[in-house]
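Student: Right, I'll just put the structure down here and ask away after.
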Amino acid sequence: MDFTFSGRVHAGTFDFFARQVDFNYDQFKLDMPVIDSMSFMVPSFETDEFGYHYPVRIRNVVSDLGGDLYIDDPNNKSGLKPFPNYPIFTSTKDAYVYYDDNAIFNGVYDRSTFYFYVYPFTIDSLDNFKTELLQFNGYLASAGIFQDIEDTLRVQHDYFLGFEQATPAEGFAMYGGKGTYYSDISLSGKGLRGNGSLEYITSTSWSDDYMFFPDSTNTMAKEFVINEQITPVEYPQVQGNNVRQHWLPYADRMIIRQAELPLNMFNEQSRLSGMLVLTPQALNGAGRLSFEDADMQSKLYTFMQHEIFADSADFTLKSTDFAQSAFSTKNYFSHIDLFERQGKFISNGGASLVEFPINMYVCMIDEFDWFMDSYEIAIGSLEKEAQMAQYDNLTIQELIDVPLQGSEFISIHPDQDSLRFISTTATYNLQEYTLFAEDVKYIRVADAAVFPTDKQIVIKSDARMNTIVDAKILANTVTRYHEVYDAVVDIKGKNKYVGIGNYDYVDELDNRQQIFLRDIGVDPSYQTVGNGYVSDSTGFTISRNFDFSGNVLLYANRQFLNFDGGFRIRHTCKTGKIEYVKFNSDINPKDIYINVDENLVTLAKSPLESSLMFSNETNNFYSGFLSGKKGCI
């Protein structure tokens, strides 16, 4: 009556898929040493429209087991007597429940390392057993995520065998001690998950749904913090809400990505919109780092306890009064010290372009410093300023040939034709949106060069340059014929400036006489011109022999001044009025020739006649000019 078979054995709500099954008639049992799987049906947790709990098959099975199925009492083979505790199944060897179904994260839980080991068990009354009460004792081997976890498998609400457990107060070590997890753990068709907190290095996160994988842990953390630390490795303070957390324990790094709100860092001194990478060696990051009045953008930050480093970063100073930014740079090595409250930036490619959008200027800058509390940017190099100091005693004629070093500031205002100047050091004030350039040796404008005595230039919004109140002008920079001093100059653009100033007329005896140029500017050919007036009351002389009164004109491309007025011969004649002869001529003070018309007139355009007279008393000749009946002898 005994026989052997392979196939499906159905008993009550249970199904066994077995091989080499031996039926023992005397004991009225099935000896099943090799059972591939055991599955069963459970009443649904939900009810249908009639309130009925319909049967549902569990979605994973007990695998790789063996045992005996006692069909009925050996003396009741006909089944005439009721033995409700039959059929009875007793497992006789190890059994396993696996979670490598593709429905669970595409089979991430490989059965060779992740499984629930089921201790031997016995189930009776298979015909009427309440499978919703079925449980299997054993332990979870979690591929090294946790130490082996003792628990009991039960049918979960998704109809997978699983469990729920709370960690002890000291938590569970994770991935061989890389981190520690606290609170609730669950296993189901959703995988191995947690609701609690996770500690890694100096970080702690809290989440309702950790997803534990053999090589990583992922979650959307409700809150994430990094506690600041100075030794042995420096870490800053970090706090974030609703962040994406991806922990790769065997690569020893945790990646934190901002999901909605930025991450608060350095006790809320800055905010990061981007990502952090936490390792035992450092805290790195990428993205946009915002301060009270500034933004940084970098693909790689290194964050210390109170310092920030970036090999390459873009830096922008924000403006509260204007739509555009106030200061903008790209590709600078950056170091910010939040204790000292300042940052240092060095260009990675020599002088790099920096923008001042509000001021409508750009600049080529090697390095600059950011002073956070004074809202200032210090531009340039003290080393270069010291190098250029050797030229401070040069004349403007000599200085114009010196190759200047420093930061070149260039106007981008459409009406200023790229006006530019070089400054070794400068300061940008964010509160006033004002650029203070220092050690400006000169500014080239049209054909001239303007030399500020204090070497300071101030640029306001819309490229408005301050009035230079004490300057020298060299006109032009090629011929270098003329120098104006004590000048007050307004520079309007690359080819336009206006001003006033003093000019020294040096006669043949090297005597200097000051001429006030009341109108200095640029003509349509971009040539510097100036206009002054000499009153007859000033006693101005062209030379020791000629007085002058009238207009004095300066043309940068002409070596000598143009005199447009009147001259008179200097003599001791006291008879009548001494008239000025009207003329217009460029005058060489070292070799004076005065061009006069054939018909001489006074400044009032009255006719004049020249004469030569002889005095018997003094035995001398006298020259003179006669106007009407009046004259001078």
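Residue numbering restarts at 1 in every chain; chains get A, B, ... in the order shown in the structure tokens, and ligands count up from 1 in that same order.
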Applying 12 Å and only C-alpha atoms, which residues near Asp392 of chain A remain after dropping the ones on its own chain fewer than 2 positions away? List them as JSON, numbers by chain.
Tutor: {"A": [385, 386, 387, 388, 389, 390, 394, 395, 396, 398, 399, 400, 402, 404, 439, 440, 441, 442, 451, 453, 454, 455]}
Student: Would you mind listing what lies within 12 Å of Leu133 of chain A as a list in words, with only C-alpha atoms counted and same-chain residues fewer than 5 positions away left out?
Tutor: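 Non-adjacent residues within range: Met41, Val42, Pro43, Ile123, Asn128, Thr152, Leu153, Arg154, Val155, Gln156 and Leu161 of chain A.
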Student: Keeping only N, CA and C atoms, write those residues as a PDB file, in the first residue's frame.
Tutor:
```pdb
ATOM      1  N   MET A  41      -3.493  29.724   2.305  1.00  0.00           N
ATOM      2  CA  MET A  41      -4.465  30.791   2.134  1.00  0.00           C
ATOM      3  C   MET A  41      -4.804  31.372   3.506  1.00  0.00           C
ATOM      4  N   VAL A  42      -5.110  32.652   3.510  1.00  0.00           N
ATOM      5  CA  VAL A  42      -5.558  33.320   4.735  1.00  0.00           C
ATOM      6  C   VAL A  42      -6.802  34.132   4.410  1.00  0.00           C
ATOM      7  N   PRO A  43      -7.661  34.329   5.402  1.00  0.00           N
ATOM      8  CA  PRO A  43      -8.821  35.202   5.169  1.00  0.00           C
ATOM      9  C   PRO A  43      -8.339  36.637   4.902  1.00  0.00           C
ATOM     10  N   ILE A 123       2.250  22.189  12.730  1.00  0.00           N
ATOM     11  CA  ILE A 123       0.946  22.795  12.520  1.00  0.00           C
ATOM     12  C   ILE A 123      -0.078  21.667  12.512  1.00  0.00           C
ATOM     13  N   ASN A 128      -8.920  23.020   9.362  1.00  0.00           N
ATOM     14  CA  ASN A 128      -9.681  24.137   9.913  1.00  0.00           C
ATOM     15  C   ASN A 128      -8.805  25.137  10.679  1.00  0.00           C
ATOM     16  N   THR A 152       9.335  36.556  15.093  1.00  0.00           N
ATOM     17  CA  THR A 152       8.313  35.600  14.665  1.00  0.00           C
ATOM     18  C   THR A 152       7.637  36.121  13.413  1.00  0.00           C
ATOM     19  N   LEU A 153       7.619  35.317  12.365  1.00  0.00           N
ATOM     20  CA  LEU A 153       6.944  35.707  11.135  1.00  0.00           C
ATOM     21  C   LEU A 153       5.440  35.567  11.290  1.00  0.00           C
ATOM     22  N   ARG A 154       4.739  36.582  10.815  1.00  0.00           N
ATOM     23  CA  ARG A 154       3.283  36.554  10.755  1.00  0.00           C
ATOM     24  C   ARG A 154       2.853  37.119   9.415  1.00  0.00           C
ATOM     25  N   VAL A 155       1.614  36.878   9.072  1.00  0.00           N
ATOM     26  CA  VAL A 155       1.090  37.420   7.824  1.00  0.00           C
ATOM     27  C   VAL A 155       0.854  38.913   8.009  1.00  0.00           C
ATOM     28  N   GLN A 156       1.472  39.697   7.129  1.00  0.00           N
ATOM     29  CA  GLN A 156       1.333  41.148   7.201  1.00  0.00           C
ATOM     30  C   GLN A 156       0.144  41.604   6.348  1.00  0.00           C
ATOM     31  N   LEU A 161       4.688  37.257   4.445  1.00  0.00           N
ATOM     32  CA  LEU A 161       5.160  36.906   5.781  1.00  0.00           C
ATOM     33  C   LEU A 161       6.212  37.919   6.217  1.00  0.00           C
TER      34      LEU A 161
END
```
Student: Fewer than 4 positions away in the same chain doesn't count, so skip those; otherwise give me all residues within 8 Å of Gln324 of chain A, counting only C-alpha atoms, as a ChimeraX atom specification.
Tutor: /A:318-319,357-358
Student: Based on the backbone DSSP call, show me all residues of segment 313-530 of chain A assigned strand (DSSP E), as a PyMOL selection string.
Tutor: chain A and resi 313-317+327-337+342-347+352-356+361-365+367-371+376-380+407-411+420-423+425-429+434-438+443-445+448-452+457-459+468-475+482-493+496-506+512-522+528-530
Student: Nearest to Asp2 of chain A: which of A:Phe28, A:Phe14, A:Tyr99, A:Phe291 is it, counting only C-alpha atoms?
Tutor: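 Among the listed residues, A:Phe28 lies closest to Asp2 of chain A.
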Student: Within 10 Å of Val498 of chain A, counting only C-alpha atoms, which residues show up once you throw out same-chain ones fewer than 3 positions away? Write them as number ranges by chain, please.
Tutor: A: 467, 488-492, 519-522, 528-530
Student: Do you know which residues are at most 10 Å from Phe303 of chain A counting only C-alpha atoms, after dropping those on the same chain fewer than 6 positions away, and could you put them as JSON, numbers by chain?
Tutor: {"A": [234, 235, 236, 237, 265, 266, 276, 278, 282, 283, 284, 285, 309, 310, 336]}
Student: So that I have them on file, write out the residues from the current selection with all heavy atoms, as a compact mmCIF listing (two decimals), in the first residue's frame.
Tutor:
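Printed below is part-v9.txt as written:
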```txt
# COMPACT_ATOMS: atom_id res chain seq x y z
N GLU A 234 36.91 67.71 11.80
CA GLU A 234 36.02 68.85 11.94
C GLU A 234 34.75 68.67 11.12
O GLU A 234 34.81 68.31 9.95
CB GLU A 234 36.72 70.14 11.50
CG GLU A 234 37.84 70.58 12.42
CD GLU A 234 38.30 72.00 12.12
OE1 GLU A 234 37.45 72.85 11.77
OE2 GLU A 234 39.51 72.25 12.23
N TYR A 235 33.62 68.95 11.78
CA TYR A 235 32.33 68.98 11.09
C TYR A 235 31.56 70.21 11.56
O TYR A 235 31.61 70.57 12.74
CB TYR A 235 31.50 67.73 11.40
CG TYR A 235 32.11 66.44 10.92
CD1 TYR A 235 32.72 65.57 11.81
CD2 TYR A 235 32.07 66.10 9.58
CE1 TYR A 235 33.29 64.38 11.38
CE2 TYR A 235 32.63 64.91 9.13
CZ TYR A 235 33.24 64.06 10.03
OH TYR A 235 33.80 62.88 9.59
N PRO A 236 30.83 70.86 10.67
CA PRO A 236 30.01 72.00 11.08
C PRO A 236 28.65 71.54 11.59
O PRO A 236 28.27 70.38 11.44
CB PRO A 236 29.86 72.79 9.78
CG PRO A 236 29.82 71.72 8.73
CD PRO A 236 30.76 70.63 9.22
N GLN A 237 27.90 72.47 12.14
CA GLN A 237 26.52 72.20 12.52
C GLN A 237 25.64 72.30 11.27
O GLN A 237 25.76 73.22 10.48
CB GLN A 237 26.05 73.20 13.59
CG GLN A 237 24.65 72.97 14.09
CD GLN A 237 23.57 73.61 13.22
OE1 GLN A 237 23.83 74.55 12.49
NE2 GLN A 237 22.36 73.10 13.33
N MET A 265 23.09 75.70 7.88
CA MET A 265 24.44 75.30 8.25
C MET A 265 25.10 76.36 9.12
O MET A 265 24.71 77.54 9.09
CB MET A 265 25.29 75.08 6.99
CG MET A 265 24.75 74.02 6.05
SD MET A 265 25.88 73.63 4.69
CE MET A 265 27.24 72.87 5.59
N PHE A 266 26.08 75.92 9.90
CA PHE A 266 26.87 76.83 10.74
C PHE A 266 25.96 77.66 11.64
O PHE A 266 26.07 78.89 11.70
CB PHE A 266 27.75 77.73 9.87
CG PHE A 266 28.70 76.99 8.99
CD1 PHE A 266 28.40 76.75 7.65
CD2 PHE A 266 29.89 76.49 9.50
CE1 PHE A 266 29.26 76.05 6.83
CE2 PHE A 266 30.77 75.79 8.69
CZ PHE A 266 30.45 75.57 7.36
N LEU A 276 24.95 67.35 0.42
CA LEU A 276 26.09 67.13 1.31
C LEU A 276 26.54 65.68 1.18
O LEU A 276 25.73 64.79 0.94
CB LEU A 276 25.71 67.42 2.76
CG LEU A 276 25.38 68.85 3.15
CD1 LEU A 276 24.88 68.89 4.58
CD2 LEU A 276 26.58 69.76 2.98
N LEU A 278 28.70 63.19 3.60
CA LEU A 278 29.33 63.01 4.91
C LEU A 278 30.16 61.74 4.90
O LEU A 278 29.66 60.66 4.56
CB LEU A 278 28.25 62.93 5.99
CG LEU A 278 28.69 62.68 7.42
CD1 LEU A 278 29.58 63.81 7.93
CD2 LEU A 278 27.48 62.50 8.33
N ALA A 282 35.59 63.89 6.14
CA ALA A 282 35.20 65.29 5.92
C ALA A 282 33.72 65.36 5.60
O ALA A 282 33.06 64.34 5.34
CB ALA A 282 36.01 65.90 4.77
N LEU A 283 33.23 66.59 5.59
CA LEU A 283 31.89 66.89 5.07
C LEU A 283 32.08 67.72 3.81
O LEU A 283 32.61 68.83 3.86
CB LEU A 283 31.05 67.66 6.08
CG LEU A 283 29.65 68.06 5.58
CD1 LEU A 283 28.79 66.82 5.34
CD2 LEU A 283 28.97 69.01 6.54
N ASN A 284 31.68 67.16 2.69
CA ASN A 284 31.74 67.87 1.41
C ASN A 284 30.34 68.19 0.93
O ASN A 284 29.35 67.72 1.49
CB ASN A 284 32.48 67.03 0.37
CG ASN A 284 33.91 66.74 0.76
OD1 ASN A 284 34.26 65.59 1.02
ND2 ASN A 284 34.74 67.75 0.82
N GLY A 285 30.26 69.00 -0.11
CA GLY A 285 28.95 69.36 -0.62
C GLY A 285 29.03 70.02 -1.97
O GLY A 285 30.12 70.26 -2.51
N PHE A 309 35.70 75.73 2.24
CA PHE A 309 36.68 75.76 1.17
C PHE A 309 36.02 75.29 -0.13
O PHE A 309 35.18 74.38 -0.12
CB PHE A 309 37.87 74.85 1.48
CG PHE A 309 38.71 75.28 2.66
CD1 PHE A 309 38.39 74.87 3.94
CD2 PHE A 309 39.82 76.10 2.48
CE1 PHE A 309 39.15 75.26 5.03
CE2 PHE A 309 40.58 76.49 3.55
CZ PHE A 309 40.26 76.08 4.83
N ALA A 310 36.42 75.92 -1.23
CA ALA A 310 35.98 75.48 -2.55
C ALA A 310 37.09 75.74 -3.55
O ALA A 310 37.60 76.86 -3.63
CB ALA A 310 34.71 76.20 -2.98
N ILE A 336 36.18 80.74 3.28
CA ILE A 336 35.38 81.59 4.15
C ILE A 336 35.56 81.12 5.58
O ILE A 336 35.40 79.94 5.88
CB ILE A 336 33.89 81.57 3.75
CG1 ILE A 336 33.71 82.16 2.36
CG2 ILE A 336 33.04 82.33 4.76
CD1 ILE A 336 32.30 82.09 1.84
```
Student: Find the residue from A:Ala173, A:Ile587, A:Cys363, A:Met372 that sits nearest to Gln342 of chain A; use only C-alpha atoms when measuring.
Tutor: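 Under the stated criterion, the closest residue is A:Met372.
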Student: List as a PyMOL selection string the protein and nucleic acid residues near His335 of chain A, meaning an atom at most 9 Å away when only C-alpha atoms are counted, but skip any in the same chain fewer than 4 places from it.
Tutor: chain A and resi 307-311+342-346
Student: Counting only C-alpha atoms, which residue out of A:Thr320, A:Ser39, A:Ser334, A:Ser407 sits closest to Glu432 of chain A?
Tutor: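 Among A:Thr320, A:Ser39, A:Ser334, A:Ser407, it is A:Thr320 that comes nearest to Glu432 of chain A.
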